[in-house]
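Structure below is work.pdb: PDB, C-alpha atoms.
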```pdb
ATOM      1  CA  MET A  51      78.661 -20.343  -9.039
ATOM      2  CA  THR A  52      75.360 -22.035  -9.559
ATOM      3  CA  ASP A  53      73.254 -21.860 -12.651
ATOM      4  CA  GLY A  54      69.953 -21.747 -10.800
ATOM      5  CA  PRO A  55      67.790 -18.704 -10.175
ATOM      6  CA  SER A  56      68.721 -16.214  -7.507
ATOM      7  CA  SER A  57      67.161 -16.581  -4.086
ATOM      8  CA  PHE A  58      64.829 -13.635  -4.589
ATOM      9  CA  GLU A  59      61.409 -14.695  -5.772
ATOM     10  CA  ARG A  60      59.956 -13.625  -9.101
ATOM     11  CA  HIS A  61      56.690 -14.562 -10.707
ATOM     12  CA  SER A  62      57.954 -13.816 -14.210
ATOM     13  CA  PRO A  63      61.286 -13.981 -16.075
ATOM     14  CA  ILE A  64      63.806 -11.158 -15.777
ATOM     15  CA  ARG A  65      63.213  -8.946 -18.809
ATOM     16  CA  VAL A  66      66.492  -7.873 -20.421
ATOM     17  CA  VAL A  67      67.445  -5.457 -23.216
ATOM     18  CA  VAL A  68      70.910  -5.897 -24.771
ATOM     19  CA  VAL A  69      72.623  -2.763 -26.105
ATOM     20  CA  ASP A  70      75.894  -3.028 -28.060
ATOM     21  CA  ASP A  71      77.051  -1.650 -31.398
ATOM     22  CA  GLN A  72      78.480  -5.021 -32.482
ATOM     23  CA  PRO A  73      75.751  -7.397 -33.742
ATOM     24  CA  LEU A  74      77.686 -10.563 -32.908
ATOM     25  CA  ILE A  75      78.149  -9.464 -29.296
ATOM     26  CA  ARG A  76      74.471  -8.568 -28.977
ATOM     27  CA  GLN A  77      73.441 -11.923 -30.373
ATOM     28  CA  GLY A  78      75.933 -13.764 -28.189
ATOM     29  CA  PHE A  79      74.682 -12.122 -25.010
ATOM     30  CA  SER A  80      71.088 -12.741 -26.040
ATOM     31  CA  MET A  81      71.765 -16.437 -26.708
ATOM     32  CA  ILE A  82      73.516 -16.908 -23.363
ATOM     33  CA  LEU A  83      70.712 -15.270 -21.407
ATOM     34  CA  SER A  84      67.813 -16.748 -23.384
ATOM     35  CA  ALA A  85      69.032 -20.259 -22.598
ATOM     36  CA  HIS A  86      67.743 -19.826 -19.046
ATOM     37  CA  ASP A  87      64.087 -20.006 -18.095
ATOM     38  CA  ASP A  88      64.282 -17.134 -15.611
ATOM     39  CA  VAL A  89      65.567 -14.622 -18.201
ATOM     40  CA  GLU A  90      63.803 -13.239 -21.259
ATOM     41  CA  VAL A  91      65.549 -10.974 -23.791
ATOM     42  CA  VAL A  92      62.864  -8.484 -24.843
ATOM     43  CA  GLY A  93      64.876  -6.187 -27.088
ATOM     44  CA  GLU A  94      68.203  -5.204 -28.620
ATOM     45  CA  ALA A  95      69.751  -1.934 -29.795
ATOM     46  CA  GLY A  96      72.954  -0.923 -31.558
ATOM     47  CA  ASP A  97      73.414   2.581 -30.142
ATOM     48  CA  GLY A  98      72.350   4.632 -27.150
ATOM     49  CA  GLN A  99      69.645   6.586 -28.938
ATOM     50  CA  ALA A 100      67.970   3.441 -30.257
ATOM     51  CA  ALA A 101      68.315   1.916 -26.797
ATOM     52  CA  LEU A 102      66.196   4.643 -25.221
ATOM     53  CA  ALA A 103      63.316   3.864 -27.578
ATOM     54  CA  VAL A 104      63.592   0.115 -26.949
ATOM     55  CA  ILE A 105      63.766   0.597 -23.177
ATOM     56  CA  ALA A 106      60.715   2.881 -23.204
ATOM     57  CA  GLU A 107      58.721   0.325 -25.207
ATOM     58  CA  ALA A 108      59.893  -2.914 -23.604
ATOM     59  CA  ALA A 109      60.152  -1.731 -19.963
ATOM     60  CA  PRO A 110      62.956  -4.196 -19.116
ATOM     61  CA  ASP A 111      64.095  -5.095 -15.621
ATOM     62  CA  VAL A 112      67.758  -4.969 -16.653
ATOM     63  CA  VAL A 113      69.608  -3.287 -19.519
ATOM     64  CA  LEU A 114      73.027  -4.557 -20.599
ATOM     65  CA  MET A 115      74.611  -1.317 -21.781
ATOM     66  CA  ASP A 116      77.831  -0.961 -23.780
ATOM     67  CA  ILE A 117      79.780   2.275 -23.273
ATOM     68  CA  ARG A 118      81.481   3.097 -26.583
ATOM     69  CA  MET A 119      78.715   3.366 -29.188
ATOM     70  CA  PRO A 120      77.831   5.704 -32.063
ATOM     71  CA  VAL A 121      75.061   8.346 -31.976
ATOM     72  CA  LEU A 122      74.793   8.301 -28.166
ATOM     73  CA  ASP A 123      77.302   6.670 -25.823
ATOM     74  CA  GLY A 124      76.362   4.317 -23.025
ATOM     75  CA  ILE A 125      77.043   6.795 -20.212
ATOM     76  CA  GLU A 126      74.595   9.401 -21.510
ATOM     77  CA  ALA A 127      72.122   6.690 -22.529
ATOM     78  CA  THR A 128      72.280   5.370 -18.953
ATOM     79  CA  ARG A 129      71.639   8.831 -17.546
ATOM     80  CA  LEU A 130      68.612   9.378 -19.785
ATOM     81  CA  ALA A 131      67.275   5.857 -19.293
ATOM     82  CA  ARG A 132      67.406   6.208 -15.513
ATOM     83  CA  ARG A 133      65.523   9.491 -15.775
ATOM     84  CA  ASN A 134      62.895   8.261 -18.247
ATOM     85  CA  SER A 135      62.595   4.616 -17.114
ATOM     86  CA  PRO A 136      63.650   4.556 -13.457
ATOM     87  CA  ASP A 137      62.445   0.982 -12.899
ATOM     88  CA  SER A 138      64.977  -0.381 -15.400
ATOM     89  CA  LYS A 139      68.352  -1.237 -13.842
ATOM     90  CA  ILE A 140      71.443  -0.610 -15.979
ATOM     91  CA  LEU A 141      74.344  -3.071 -16.032
ATOM     92  CA  ILE A 142      77.336  -1.573 -17.828
ATOM     93  CA  LEU A 143      79.222  -4.193 -19.821
ATOM     94  CA  THR A 144      82.447  -3.101 -21.496
ATOM     95  CA  THR A 145      85.958  -4.113 -22.488
ATOM     96  CA  PHE A 146      87.350  -0.952 -20.931
ATOM     97  CA  ALA A 147      88.215  -1.175 -17.218
ATOM     98  CA  LEU A 148      89.073   2.527 -17.077
ATOM     99  CA  ASP A 149      88.396   4.429 -13.870
ATOM    100  CA  ASP A 150      86.676   7.346 -15.573
ATOM    101  CA  TYR A 151      84.166   4.973 -17.144
ATOM    102  CA  VAL A 152      83.438   3.360 -13.782
ATOM    103  CA  THR A 153      82.847   6.603 -11.932
ATOM    104  CA  ALA A 154      80.913   8.126 -14.836
ATOM    105  CA  ALA A 155      78.681   5.056 -15.157
ATOM    106  CA  LEU A 156      77.915   4.989 -11.442
ATOM    107  CA  GLY A 157      77.293   8.722 -11.470
ATOM    108  CA  ALA A 158      74.840   8.263 -14.335
ATOM    109  CA  GLY A 159      72.856   5.762 -12.264
ATOM    110  CA  ALA A 160      74.206   2.369 -13.325
ATOM    111  CA  SER A 161      73.592  -0.478 -10.878
ATOM    112  CA  GLY A 162      76.528  -2.569 -11.998
ATOM    113  CA  PHE A 163      79.726  -2.636 -14.010
ATOM    114  CA  LEU A 164      81.043  -5.863 -15.520
ATOM    115  CA  LEU A 165      83.886  -6.421 -17.966
ATOM    116  CA  LYS A 166      83.260  -8.250 -21.233
ATOM    117  CA  ASP A 167      85.825 -10.892 -20.358
ATOM    118  CA  ALA A 168      83.423 -12.183 -17.710
ATOM    119  CA  THR A 169      82.293 -15.774 -18.142
ATOM    120  CA  PRO A 170      78.721 -16.606 -19.232
ATOM    121  CA  ASP A 171      77.965 -17.690 -15.658
ATOM    122  CA  GLU A 172      79.258 -14.366 -14.324
ATOM    123  CA  LEU A 173      77.129 -12.468 -16.842
ATOM    124  CA  LEU A 174      74.020 -14.422 -15.881
ATOM    125  CA  HIS A 175      74.785 -13.983 -12.197
ATOM    126  CA  ALA A 176      75.218 -10.220 -12.656
ATOM    127  CA  VAL A 177      71.842  -9.905 -14.386
ATOM    128  CA  ARG A 178      70.145 -11.829 -11.595
ATOM    129  CA  VAL A 179      71.843  -9.827  -8.846
ATOM    130  CA  VAL A 180      71.055  -6.448 -10.391
ATOM    131  CA  ALA A 181      67.452  -7.500 -11.070
ATOM    132  CA  GLY A 182      67.186  -8.481  -7.419
ATOM    133  CA  GLY A 183      68.053  -4.974  -6.290
ATOM    134  CA  ASP A 184      71.743  -5.333  -5.435
ATOM    135  CA  ALA A 185      74.378  -3.071  -6.883
ATOM    136  CA  LEU A 186      77.182  -5.082  -8.452
ATOM    137  CA  LEU A 187      80.765  -4.248  -9.378
ATOM    138  CA  SER A 188      83.289  -6.536 -10.976
ATOM    139  CA  PRO A 189      85.784  -7.261  -8.155
ATOM    140  CA  SER A 190      88.688  -5.941 -10.232
ATOM    141  CA  VAL A 191      86.744  -2.776 -10.989
ATOM    142  CA  THR A 192      85.867  -2.337  -7.314
ATOM    143  CA  THR A 193      89.556  -2.337  -6.432
ATOM    144  CA  ARG A 194      90.387   0.174  -9.169
ATOM    145  CA  LEU A 195      87.579   2.444  -8.036
ATOM    146  CA  ILE A 196      88.790   2.429  -4.448
ATOM    147  CA  GLU A 197      92.381   3.053  -5.497
ATOM    148  CA  ARG A 198      91.178   6.071  -7.474
ATOM    149  CA  LEU A 199      88.982   7.533  -4.742
ATOM    150  CA  LEU A 200      91.267   6.736  -1.819
ATOM    151  CA  PRO A 201      94.837   7.138  -3.083
ATOM    152  CA  SER A 202      96.122   7.587   0.436
ATOM    153  CA  LEU A 203      95.160   4.018   1.216
ATOM    154  CA  THR A 204      97.303   2.676  -1.613
ATOM    155  CA  SER A 205     100.363   4.625  -0.516
ATOM    156  CA  MET A 206      99.905   3.962   3.203
ATOM    157  CA  PRO A 207      97.882   0.747   3.483
ATOM    158  CA  GLY A 208      98.495   0.357   7.199
ATOM    159  CA  ARG A 209      97.822   3.906   8.300
ATOM    160  CA  PRO A 210      95.199   4.650  10.967
ATOM    161  CA  THR A 211      91.962   5.918   9.510
ATOM    162  CA  THR A 212      89.310   8.250  10.822
ATOM    163  CA  SER A 213      86.129   6.271  11.222
ATOM    164  CA  PRO A 214      82.976   7.877   9.865
ATOM    165  CA  GLN A 215      80.347   9.101  12.276
ATOM    166  CA  GLY A 216      78.248   6.197  13.523
ATOM    167  CA  TRP A 217      81.004   3.584  13.195
ATOM    168  CA  ASP A 218      80.933   2.819  16.923
ATOM    169  CA  THR A 219      77.207   2.039  16.723
ATOM    170  CA  LEU A 220      77.704  -0.906  14.359
ATOM    171  CA  THR A 221      77.342  -4.388  15.796
ATOM    172  CA  ASP A 222      79.989  -7.035  15.149
ATOM    173  CA  ARG A 223      77.668  -8.707  12.644
ATOM    174  CA  GLU A 224      77.056  -5.423  10.810
ATOM    175  CA  VAL A 225      80.815  -4.875  10.544
ATOM    176  CA  GLU A 226      81.180  -8.388   9.151
ATOM    177  CA  VAL A 227      78.438  -7.761   6.582
ATOM    178  CA  LEU A 228      80.000  -4.428   5.609
ATOM    179  CA  ARG A 229      83.336  -6.113   4.976
ATOM    180  CA  LEU A 230      81.686  -8.667   2.692
ATOM    181  CA  VAL A 231      79.797  -5.927   0.862
ATOM    182  CA  ALA A 232      83.188  -4.308   0.237
ATOM    183  CA  THR A 233      84.400  -7.459  -1.521
ATOM    184  CA  GLY A 234      81.624  -6.985  -4.097
ATOM    185  CA  ARG A 235      79.520  -9.871  -2.847
ATOM    186  CA  SER A 236      75.749  -9.844  -3.286
ATOM    187  CA  ASN A 237      73.221 -10.244  -0.482
ATOM    188  CA  ALA A 238      72.629 -13.858  -1.505
ATOM    189  CA  GLU A 239      76.359 -14.637  -1.401
ATOM    190  CA  ILE A 240      76.745 -12.946   1.982
ATOM    191  CA  ALA A 241      73.803 -14.950   3.308
ATOM    192  CA  ALA A 242      75.473 -18.170   2.177
ATOM    193  CA  ASP A 243      78.822 -17.151   3.678
ATOM    194  CA  LEU A 244      77.324 -16.300   7.072
ATOM    195  CA  TYR A 245      74.622 -19.020   7.157
ATOM    196  CA  ILE A 246      71.831 -16.491   7.606
ATOM    197  CA  SER A 247      68.829 -15.576   5.471
ATOM    198  CA  GLU A 248      69.032 -13.091   2.622
ATOM    199  CA  ALA A 249      66.316 -11.031   4.334
ATOM    200  CA  THR A 250      68.549 -10.772   7.405
ATOM    201  CA  VAL A 251      71.459  -9.618   5.242
ATOM    202  CA  LYS A 252      69.274  -6.927   3.687
ATOM    203  CA  THR A 253      68.321  -5.748   7.160
ATOM    204  CA  HIS A 254      71.977  -5.584   8.220
ATOM    205  CA  VAL A 255      72.947  -3.667   5.057
ATOM    206  CA  SER A 256      70.084  -1.226   5.616
ATOM    207  CA  HIS A 257      71.192  -0.665   9.214
ATOM    208  CA  VAL A 258      74.794  -0.068   8.117
ATOM    209  CA  LEU A 259      73.754   2.508   5.521
ATOM    210  CA  THR A 260      71.471   4.277   8.009
ATOM    211  CA  LYS A 261      73.944   4.311  10.894
ATOM    212  CA  LEU A 262      76.822   5.576   8.744
ATOM    213  CA  GLY A 263      74.672   8.018   6.764
ATOM    214  CA  LEU A 264      75.515   6.359   3.440
ATOM    215  CA  ARG A 265      73.475   6.561   0.230
ATOM    216  CA  ASP A 266      74.211   3.176  -1.320
ATOM    217  CA  ARG A 267      76.472   0.135  -1.446
ATOM    218  CA  VAL A 268      79.165   1.958  -3.392
ATOM    219  CA  GLN A 269      79.547   4.454  -0.547
ATOM    220  CA  ALA A 270      79.551   1.505   1.853
ATOM    221  CA  VAL A 271      82.505  -0.012  -0.015
ATOM    222  CA  ILE A 272      84.429   3.247   0.295
ATOM    223  CA  ALA A 273      83.583   3.464   4.012
ATOM    224  CA  ALA A 274      84.862  -0.078   4.558
ATOM    225  CA  TYR A 275      88.232   0.852   3.091
ATOM    226  CA  GLU A 276      88.324   4.095   5.070
ATOM    227  CA  MET A 277      87.759   2.107   8.250
ATOM    228  CA  GLY A 278      90.602  -0.241   7.367
ATOM    229  CA  LEU A 279      88.372  -3.319   7.055
ATOM    230  CA  LEU A 280      90.083  -3.987   3.722
ATOM    231  CA  HIS A 281      93.022  -2.483   1.890
ATOM    232  CA  PRO A 282      93.502  -2.220  -1.896
ATOM    233  CA  GLY A 283      95.409  -5.297  -3.010
ATOM    234  CA  GLN A 284      94.398  -7.318   0.060
ATOM    235  CA  SER A 285      92.772 -10.683  -0.473
ATOM    236  CA  THR A 286      89.000 -10.503  -0.462
ATOM    237  CA  ASP A 287      88.564 -14.147   0.513
ATOM    238  CA  PRO A 288      85.420 -14.047   2.692
ATOM    239  CA  ALA A 289      86.791 -16.843   4.850
ATOM    240  CA  ARG A 290      89.748 -14.691   5.908
ATOM    241  CA  PRO A 291      89.052 -12.369   8.861
ATOM    242  CA  PRO A 292      89.824  -8.635   8.509
ATOM    243  CA  GLY A 293      93.462  -7.811   9.103
ATOM    244  CA  GLU A 294      94.663 -11.382   8.625
ATOM    245  CA  HIS A 295      97.210 -11.449   5.763
TER     246      HIS A 295
END
```
Would you write the structure of this file as structure tokens?
Amino acid sequence: MTDGPSSFERHSPIRVVVVDDQPLIRQGFSMILSAHDDVEVVGEAGDGQAALAVIAEAAPDVVLMDIRMPVLDGIEATRLARRNSPDSKILILTTFALDDYVTAALGAGASGFLLKDATPDELLHAVRVVAGGDALLSPSVTTRLIERLLPSLTSMPGRPTTSPQGWDTLTDREVEVLRLVATGRSNAEIAADLYISEATVKTHVSHVLTKLGLRDRVQAVIAAYEMGLLHPGQSTDPARPPGEH
């Protein structure tokens, strides 16, 4: 993982607000992010209620939001922030990889979900990806989410699946892009894997969502598992073709 800016172009640093009820964690995140020229920490808060005021004033691009906090928890704070400040993307950052938190955070409008045991590079990468407009899930969280939503796939990983309407209209390249989306990879990473431009990847993703009648990348991940492109527990090595174990 590189330490350079993402491939999307910005004319100003990514503005970030850090929300966590533990001061040392807030300061640690702020120090990690502030060490990079393309990121600017514009505010901090120790609970969800205070976060809403900071977000409204600072208008950040990305909010790092803890879940378990006093006064107002991160899930409800995310819901209210998305309603009041829709241009601010929320990246949930927590020690708890519990399914209910994942689904609740996504339902509240979060754009990403990353565990606190992520490395500094992974944290920085997540901020850049979310700021660039991609939804992001920690790979381990993606697998847990799928196993929760599609329990039949975990019990019968090789069973035939019913393809969603529009599946037969996808091109081979669109299927390939969908599979990589299902591994949790960003548009920039997919572009690098397939030796195509990020703009081309975005076009392919848009076509996939339109053809399959999907709302977002999370639904695309679920569709990929339903189609049998990946199975829970299968390697998500992008160099390995679908079905090759």
Problem set entry | Point-to-point distance in Å for CA of Leu279 (chain A) and CA of Thr144 (chain A) | 29.2 Å
For this session: Find the distance between CA of Ala155 (chain A) and CA of Ala85 (chain A) and write it in Å to one decimal.
Result: 28.1 Å
Problem set entry | Which of A:Leu114, A:Leu280, A:Pro73, A:Leu102 sits closest to Leu174 (chain A) [using all atoms listed in the file] |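 Answer, going by the shortest atom-to-atom distance: A:Leu114.
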Problem set entry | Target residues per the PyMOL selection byres ((chain A and resi 93) around 8), formatted as a ChimeraX atom specification | /A:66-68,91-92,94-95,104-105,108
Exercise. Between A:Ile82, A:Ala241, A:Leu141, A:Ile246, which one has atoms that come closest to Ala158 (chain A), using all atoms listed in the file?
Worked result: A:Leu141
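The coordinates place CA of Pro63 (chain A) at 6.9 Å from CA of Asp87 (chain A).
Minimum atom-to-atom distances from A:Ile64, A:Ala242, A:Leu264, A:Ala100 to Gly216 (chain A) were compared using all atoms listed in the file, and the lowest value belongs to A:Leu264.
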Exercise. Contacts of Asp111 (chain A) at 8 Å or less, counting only C-alpha atoms, minus same-chain residues fewer than 5 places along, as a ChimeraX atom specification?
Worked result: /A:64-66,137-139,181
Problem set entry | For Ala160 (chain A): contacts at 12 Å, only C-alpha atoms, fewer than 3 positions along chain excluded, given as JSON, numbers by chain | {"A": [112, 113, 114, 115, 116, 117, 124, 125, 126, 127, 128, 129, 130, 131, 132, 133, 136, 137, 138, 139, 140, 141, 142, 143, 151, 152, 153, 154, 155, 156, 157, 163, 164, 180, 183, 184, 185, 186, 187, 268]}
Problem set entry | Selection result for the PyMOL selection byres ((chain A and resi 223) around 12) on this file, as an MDAnalysis selection string | chainID A and resid 219:222 224:230 240:241 244 246 250:251 253:255 257:258
Around region 239-257 of chain A, with edges along x, y and z and 8 Å added on all six sides, what centre and edge lengths do you get, in Å to one decimal, as AutoDock Vina command-line options?
```
--center_x 72.6 --center_y -9.8 --center_z 3.9 --size_x 28.5 --size_y 34.4 --size_z 26.6
```
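Distances here use only C-alpha atoms; by that measure, the residue among A:Ser62, A:Lys252, A:Glu172, A:Val121 closest to Arg267 (chain A) is A:Lys252.
Closest to Ala273 (chain A) among A:Ser256, A:Ser247, A:Gln215, A:Ser80 is A:Gln215, based on all atoms listed in the file.
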Problem set entry | Using all atoms listed in the file: which of A:Thr145, A:Leu122, A:Thr169, A:Val177 has the shortest distance to Pro110 (chain A) |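 Counting all atoms listed in the file, the residue closest to Pro110 (chain A) is A:Val177.
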